[in-house]
Amino acid sequence: MKKANGLTVTSILCLMFMALFTACGEKASDTTAGSAVPSDTEFDLVILNGRVMDPETNFDGVQNVGVLDGKIALITEEAIAGKETIDATGHVVAPGFIDIHSHISDFPFGQKLSLRDGVTTPLDMEAGAYPVDAWYAKLEGKSQTNYGAAVSAAAVREILANPDYKSNTASILLDAFDPHNRSGFNMTLTEFLPSPEQINELESMLKEGIEQGALGLGAVPGYMTRGTTSRETIMWQRLMGEHGLSTVLHGRFSSQMPPSTGILGTQEMLASVAAYGGGLYVSHIHQQALNYTPTAIDLLDAAKTNGLKTVAAIYPYWQGATVAGADYLAPDNYQRNMGRSYEDIIEVATMKPLTKERYEELLKTQPGASVIFGGVEEEIMLSALADPRTMIESDAAPLSISETGELALDWSTPFESTQGHPRGAGSHAKALRLVREKNLMPLMLAISKMSFMQAKFLQENGVAQMANKGRVQEGKDADITIFNPDTVTDHATMAKGGLPSTGIPYVLVNGTIVVKDSKVLEGVYPGQPIRNKIVK
């Protein structure tokens, strides 16, 4: 009965959402009539005969779109022309997808995968970056997508706990996944118990990252359950309240058993949000709360109703991906509290299930080894994915090259040569496929959950640039994803995690075509930094 009731509530909310779009659609269509740009302008690019869908205004209709100087200059039924033309007949013209939780946005192959999945703005806001200025500097002038990051609470902990840790990537997740461990990363952060003086030092380092333009704070107590102190978690959110930013959270627990149910990790941060303000984005809540996921979503929604800036996000897979040394994969939690076994964990390098012996060997020799694990039940994931109150994310992780075990970083890496979790290559196309095949939710809602909702959340939490993202409206940035709703499909699998999505033939970033005829164009770098004001 509980599952049936949960699905009924979700269905009702989806119908209400659809009704809202239907009621507002005609009004929204009137907004194009008074454009300041005449239809006889020669545009840089025109998109003709596409089904324009804008989640903010709820506009849904066949229009022509004129792009000029990186902006959407005109949306009209009138004939228009430009230097370049895309015939979008039979296709949806949607806002470029925004992914708040990506770990593949700072290297070429990762950006290539994201673009094929319709993502124009992948952001690394959960694991985050440190030093923040170094992370932005490595992408300047050579990014195919927009890019941005939060300051990493995990990285500053590893720096203080592990004097051998020296990152040349400014990305703790890339360092963790590196099979050669060139940075000296060893997951000392997981059980590091900082002194009061060290907590003050951690705060200074995080504040430095904010002053260098970080978009918020990436907090992953789920990887340091026994080390993260309450004083730290309170300090994180106090910083966000002081600067009007948000915490992107991987909750402390993944469990559906007392005394450490996954929902407690959300409650832990909610208390500090109530006390200090700032926003809270709870990543992949379905993999922390598990069977309690509906309750966790209700909790965050109630907090939002009471004035807190909170939201939950879901990726469209019941399997997760992480590193072998993740706290929640320890037998006393994974087996007792998550109801799984060693065999439910797959080592990406071999694509074989773990045994007790191999698991213990990895903990000693390579705790950062990439693994895929069984998590939430699929039915619960699908219900949470369709819930109008959640956003869609990917939690895209770096893939490995099957033959060598090396990370797939280079742009020219063949898609079919890679393995790992498919969510980096297919999350957004899979969501759209589920809309078509399972009637999981209205198409407009799915688009909103992958674009406008992310932009609005970040805009309301200190990222002013996002006011021009996630919309197909005149005057907004021309980040545009064009897809065929009848054919868009994910192809990535657990064995072939890098197979690209199809049915998304064109993607524009700041008015420049980056995906053309379903191929990512090499050497085209229109991506711009999404970054807050640099204080020093």
# chains A, B, ... in the order shown; residues from 1 in each chain; ligands from 1
>>> residues_around(residues="A:Val248", least_positions_apart="4", cutoff="7 Å", atoms="only C-alpha atoms", output="list of chain:residue names")
A:Met125, A:Glu126, A:Leu217, A:Gly218, A:Ala219, A:Leu280, A:Tyr281, A:Val282, A:Ser283
>>> residues_around(residues="A:Met444", least_positions_apart="2", cutoff="8 Å", atoms="only C-alpha atoms", output="PDB file with N, CA and C atoms, in the first residue's frame")
ATOM      1  N   MET A  18       1.359  19.533 -14.937  1.00  0.00           N
ATOM      2  CA  MET A  18       0.919  19.610 -16.336  1.00  0.00           C
ATOM      3  C   MET A  18      -0.200  20.629 -16.495  1.00  0.00           C
ATOM      4  N   PHE A  21       1.209  24.095 -16.583  1.00  0.00           N
ATOM      5  CA  PHE A  21       1.787  24.429 -17.884  1.00  0.00           C
ATOM      6  C   PHE A  21       0.698  24.748 -18.903  1.00  0.00           C
ATOM      7  N   MET A  53      10.356  24.848 -26.209  1.00  0.00           N
ATOM      8  CA  MET A  53       9.790  24.549 -24.889  1.00  0.00           C
ATOM      9  C   MET A  53      10.598  25.295 -23.839  1.00  0.00           C
ATOM     10  N   ASP A  54       9.952  26.230 -23.164  1.00  0.00           N
ATOM     11  CA  ASP A  54      10.608  27.032 -22.125  1.00  0.00           C
ATOM     12  C   ASP A  54       9.951  26.764 -20.777  1.00  0.00           C
ATOM     13  N   PRO A  55      10.644  26.125 -19.847  1.00  0.00           N
ATOM     14  CA  PRO A  55      10.017  25.736 -18.580  1.00  0.00           C
ATOM     15  C   PRO A  55       9.605  26.900 -17.686  1.00  0.00           C
ATOM     16  N   ASN A  58       6.537  28.372 -19.498  1.00  0.00           N
ATOM     17  CA  ASN A  58       5.667  27.272 -19.923  1.00  0.00           C
ATOM     18  C   ASN A  58       5.294  27.352 -21.403  1.00  0.00           C
ATOM     19  N   PRO A 442       5.373  14.522 -17.402  1.00  0.00           N
ATOM     20  CA  PRO A 442       5.229  15.374 -18.585  1.00  0.00           C
ATOM     21  C   PRO A 442       6.589  15.788 -19.137  1.00  0.00           C
ATOM     22  N   ALA A 446      10.158  17.196 -17.240  1.00  0.00           N
ATOM     23  CA  ALA A 446      11.484  16.597 -17.369  1.00  0.00           C
ATOM     24  C   ALA A 446      12.514  17.628 -17.806  1.00  0.00           C
ATOM     25  N   ILE A 447      12.153  18.471 -18.778  1.00  0.00           N
ATOM     26  CA  ILE A 447      13.067  19.514 -19.248  1.00  0.00           C
ATOM     27  C   ILE A 447      13.370  20.497 -18.118  1.00  0.00           C
ATOM     28  N   SER A 448      12.346  20.872 -17.377  1.00  0.00           N
ATOM     29  CA  SER A 448      12.532  21.802 -16.264  1.00  0.00           C
ATOM     30  C   SER A 448      13.478  21.235 -15.220  1.00  0.00           C
TER      31      SER A 448
END
>>> atom_distance(atom1="atom CA of A:His284", atom2="atom CA of A:Ile100")
11.4 Å
>>> select_by_dssp(residues="stretch 166-356 of chain A", states="alpha helix (DSSP H)", output="PyMOL selection string")
chain A and resi 172-177+196-211+230-243+262-276+285-289+293-305+331-334+356
>>> closest_residue(among="A:Pro194, A:Gly462, A:Gly307, A:Pro258", to="A:Asn333", atoms="only C-alpha atoms")
A:Pro258
>>> residues_around(residues="stretch 356-361 of chain A", least_positions_apart="2", cutoff="12 Å", atoms="only C-alpha atoms", output="VMD selection string")
chain A and resid 323 to 326 329 to 331 335 341 to 347 350 352 to 354 363 to 371
>>> residues_around(residues="A:Gly148", least_positions_apart="4", cutoff="6 Å", atoms="only C-alpha atoms", output="ChimeraX atom specification")
/A:123,529-530
>>> select_by_dssp(residues="stretch 53-128 of chain A", states="strand (DSSP E)", output="number ranges by chain")
A: 53-54, 59-68, 71-76, 81-82, 85-87, 92-95, 97-99, 119-128
>>> residues_around(residues="stretch 487-494 of chain A", least_positions_apart="5", cutoff="10 Å", atoms="only C-alpha atoms", output="ChimeraX atom specification")
/A:91,116-117,319,346,348,351,372,415-416,418-434,436,499-505
>>> atom_distance(atom1="atom CA of A:Gly66", atom2="atom CA of A:Val463")
26.6 Å
>>> closest_residue(among="A:Glu84, A:Glu378, A:Glu158, A:Asp60", to="A:Leu445", atoms="only C-alpha atoms")
A:Asp60
>>> residues_around(residues="A:Asn532", least_positions_apart="2", cutoff="7 Å", atoms="only C-alpha atoms", output="list in words")
Gly213, Ala214, Leu215, Val463 and Ile534 of chain A
>>> write_last_selection(atoms="N, CA, C and O atoms", output="CSV table (one decimal), in the first residue's frame")
chain,number,residue,atom,x,y,z
A,213,GLY,N,35.8,32.8,-6.0
A,213,GLY,CA,34.7,32.7,-6.9
A,213,GLY,C,34.0,31.4,-6.9
A,213,GLY,O,33.2,31.1,-7.8
A,214,ALA,N,34.2,30.5,-5.9
A,214,ALA,CA,33.5,29.3,-5.9
A,214,ALA,C,32.0,29.5,-5.8
A,214,ALA,O,31.5,30.5,-5.3
A,215,LEU,N,31.2,28.5,-6.4
A,215,LEU,CA,29.8,28.7,-6.5
A,215,LEU,C,29.0,28.3,-5.3
A,215,LEU,O,27.8,28.5,-5.1
A,463,VAL,N,24.3,32.8,-7.3
A,463,VAL,CA,25.0,32.7,-8.6
A,463,VAL,C,24.2,33.5,-9.7
A,463,VAL,O,23.3,32.9,-10.4
A,534,ILE,N,35.2,37.5,-7.7
A,534,ILE,CA,36.5,37.2,-7.1
A,534,ILE,C,36.9,38.3,-6.2
A,534,ILE,O,37.0,39.5,-6.6
>>> closest_residue(among="A:Gly110, A:Gly90, A:Gly184, A:Pro526", to="A:Val514", atoms="only C-alpha atoms")
A:Pro526
>>> residues_around(residues="A:Lys476", least_positions_apart="5", cutoff="9 Å", atoms="only C-alpha atoms", output="ChimeraX atom specification")
/A:70-73,467-471
>>> write_last_selection(atoms="N, CA, C and O atoms", output="tab-separated table (two decimals), in the first residue's frame")
chain	number	residue	atom	x	y	z
A	70	GLY	N	25.72	35.40	-29.29
A	70	GLY	CA	25.67	34.48	-28.17
A	70	GLY	C	24.39	34.48	-27.38
A	70	GLY	O	24.26	33.76	-26.39
A	71	LYS	N	23.41	35.28	-27.81
A	71	LYS	CA	22.14	35.39	-27.10
A	71	LYS	C	20.98	34.95	-28.00
A	71	LYS	O	21.08	34.96	-29.22
A	72	ILE	N	19.90	34.57	-27.35
A	72	ILE	CA	18.65	34.33	-28.09
A	72	ILE	C	18.05	35.71	-28.36
A	72	ILE	O	17.59	36.39	-27.45
A	73	ALA	N	18.09	36.12	-29.61
A	73	ALA	CA	17.68	37.48	-29.95
A	73	ALA	C	16.20	37.57	-30.32
A	73	ALA	O	15.55	38.59	-30.09
A	467	ALA	N	20.72	33.50	-13.96
A	467	ALA	CA	19.49	34.17	-14.41
A	467	ALA	C	19.35	34.12	-15.92
A	467	ALA	O	18.24	34.25	-16.45
A	468	ASN	N	20.47	33.91	-16.62
A	468	ASN	CA	20.44	33.85	-18.08
A	468	ASN	C	20.58	32.44	-18.63
A	468	ASN	O	20.72	32.25	-19.84
A	469	LYS	N	20.53	31.46	-17.76
A	469	LYS	CA	20.64	30.05	-18.16
A	469	LYS	C	19.31	29.34	-17.91
A	469	LYS	O	18.46	29.80	-17.16
A	470	GLY	N	19.15	28.18	-18.53
A	470	GLY	CA	18.00	27.33	-18.25
A	470	GLY	C	16.69	27.83	-18.81
A	470	GLY	O	15.62	27.39	-18.39
A	471	ARG	N	16.74	28.74	-19.76
A	471	ARG	CA	15.53	29.30	-20.37
A	471	ARG	C	15.72	29.42	-21.89
A	471	ARG	O	16.82	29.66	-22.37
